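Below is one structure; the comments refer to it alone.
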Amino acid sequence: MLPSRLSMVHVHIVRAVTDHLRGVARYYGGQAGAFGAVSTIYTEWMQVPAPELVKTQLAAALAELHTEAGWCCHDGGVDGTGHFSRALRLAGQFQDAYGIANAAWHAGMALVRSGHPNDALKFFQAGQALS
């Protein structure tokens with residue numbers, strides 16, 4: 001169920017969940033499923049009315065969440081490019097330079113490590129074009 005209106009509380013929730021899951025992933029590994037589930041739920045919040053500042057901050061928090069989800073997918077041997085693409089799209093839509101660079105770098109590194117340097121280059125170029 002979606003909230004009727006967003007506030008900074010929703011942004012803090014996304015950041016707190018991202019930080020918590022990141023800690024669990026670093027300690028235990030994995031967590032692609034957990035990241036995937038929460039990223040799907042919280043990304044739906046972008047459809048809810050909110051002040052522009054809240055939308056901008058939420059997009060930045062979601063870009064980080066999707067970047068972490070993509071990295072955890074890569075770490076678990078699953079394709080995470082969809083998460084990286086969503087992170088780039090969210091960050092680019094709201095001109096979040098850090099989010100763009102972070103998503104492009106993580107996507108590129110994941111693709112290089114999995115033997116797809118040409119695809120990695122596409123993410124690096126997308127990051128450069130969006131910034």
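Identifiers in this document derive from the order of the structure tokens: chains are assigned A, B, ..., residues are numbered from 1 separately in each chain, and ligands are numbered from 1 in order of occurrence.
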
Excluding A:Ile100 and its own-chain neighbours fewer than 6 positions away, which residues fall within 7 Å of it when counting only C-alpha atoms? Please give them as a count of residues only. 5

Find the residues of stretch 6-77 of chain A that sit at most 9 Å from stretch 110-113 of chain A; for each, write down the nearest two atoms and how far apart they are in Å, to one decimal. Count only C-alpha atoms. Sort by chain, then by number going up, and give it as a Markdown table.
| residue | atom | partner | partner_atom | distance |
| --- | --- | --- | --- | --- |
| A:Gly70 | CA | A:Ala110 | CA | 8.6 |
| A:Trp71 | CA | A:Ala110 | CA | 7.0 |
| A:His74 | CA | A:Ala110 | CA | 6.2 |
| A:Asp75 | CA | A:Ala110 | CA | 8.4 |

From A:Ala101, A:Ala107, A:Ala25, A:Met1, residue lying nearest A:Lys122 [only C-alpha atoms]: A:Ala107

Contacts of A:Phe94 within 9 Å, only C-alpha atoms, excl. fewer than 4 positions in-chain, as a ChimeraX atom specification: /A:55-57,59-60,89-90

Dump of N, CA and C atoms for the selected residues, as a CSV table (one decimal), in the first residue's frame:
chain,number,residue,atom,x,y,z
A,55,LYS,N,11.2,14.6,-3.4
A,55,LYS,CA,11.4,13.8,-4.6
A,55,LYS,C,12.8,13.7,-5.0
A,56,THR,N,13.5,14.8,-4.9
A,56,THR,CA,15.0,14.8,-5.3
A,56,THR,C,15.8,14.0,-4.3
A,57,GLN,N,15.5,14.1,-3.0
A,57,GLN,CA,16.2,13.4,-2.0
A,57,GLN,C,15.9,11.9,-2.1
A,59,ALA,N,14.9,10.3,-4.8
A,59,ALA,CA,15.6,9.7,-6.0
A,59,ALA,C,17.0,9.4,-5.7
A,60,ALA,N,17.7,10.3,-5.0
A,60,ALA,CA,19.1,10.0,-4.6
A,60,ALA,C,19.2,8.8,-3.7
A,89,ARG,N,19.1,6.0,-14.1
A,89,ARG,CA,17.9,6.7,-14.5
A,89,ARG,C,17.4,7.7,-13.4
A,90,LEU,N,17.3,7.2,-12.2
A,90,LEU,CA,16.8,8.0,-11.1
A,90,LEU,C,17.8,9.1,-10.8

Across A:Ser114, A:Ser7, A:Arg15, A:Met109, the smallest distance to A:His66, with only C-alpha atoms counted, is shown by A:Arg15

Please report, as a ChimeraX atom specification, each residue of stretch 21-82 of chain A to which DSSP assigns helix (DSSP H, G or I) when run on this structure's backbone. /A:21-28,32-47,52-75,81-82

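In terms of minimum interatomic distance to A:Ser4, A:Ala50 ranks closest within A:Leu58, A:Ala50, A:Ala37, A:Ala16, counting only C-alpha atoms.
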
Extract, using only C-alpha atoms, all DNA, RNA and protein residues at most 9 Å from A:Gly30, discarding same-chain residues fewer than 6 positions from it, and format them as JSON, numbers by chain. {"A": [24, 72, 73, 75, 76]}

Using only C-alpha atoms, please write the residues we just selected to a file, as a tab-separated table (two decimals), in the first residue's frame.
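The resulting file, again-v5.tsv, is reproduced below:
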chain	number	residue	atom	x	y	z
A	24	VAL	CA	24.30	-7.24	6.67
A	72	CYS	CA	24.78	-7.60	-4.26
A	73	CYS	CA	23.34	-9.30	-7.33
A	75	ASP	CA	28.32	-10.57	-5.69
A	76	GLY	CA	25.82	-13.45	-5.71

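For the pair atom CA of A:Val78 and atom CA of A:Ala32, the interatomic distance is 8.3 Å.
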
Computed interatomic separation between atom CA of A:Ala34 and atom CA of A:Leu21 (Å): 7.7 Å
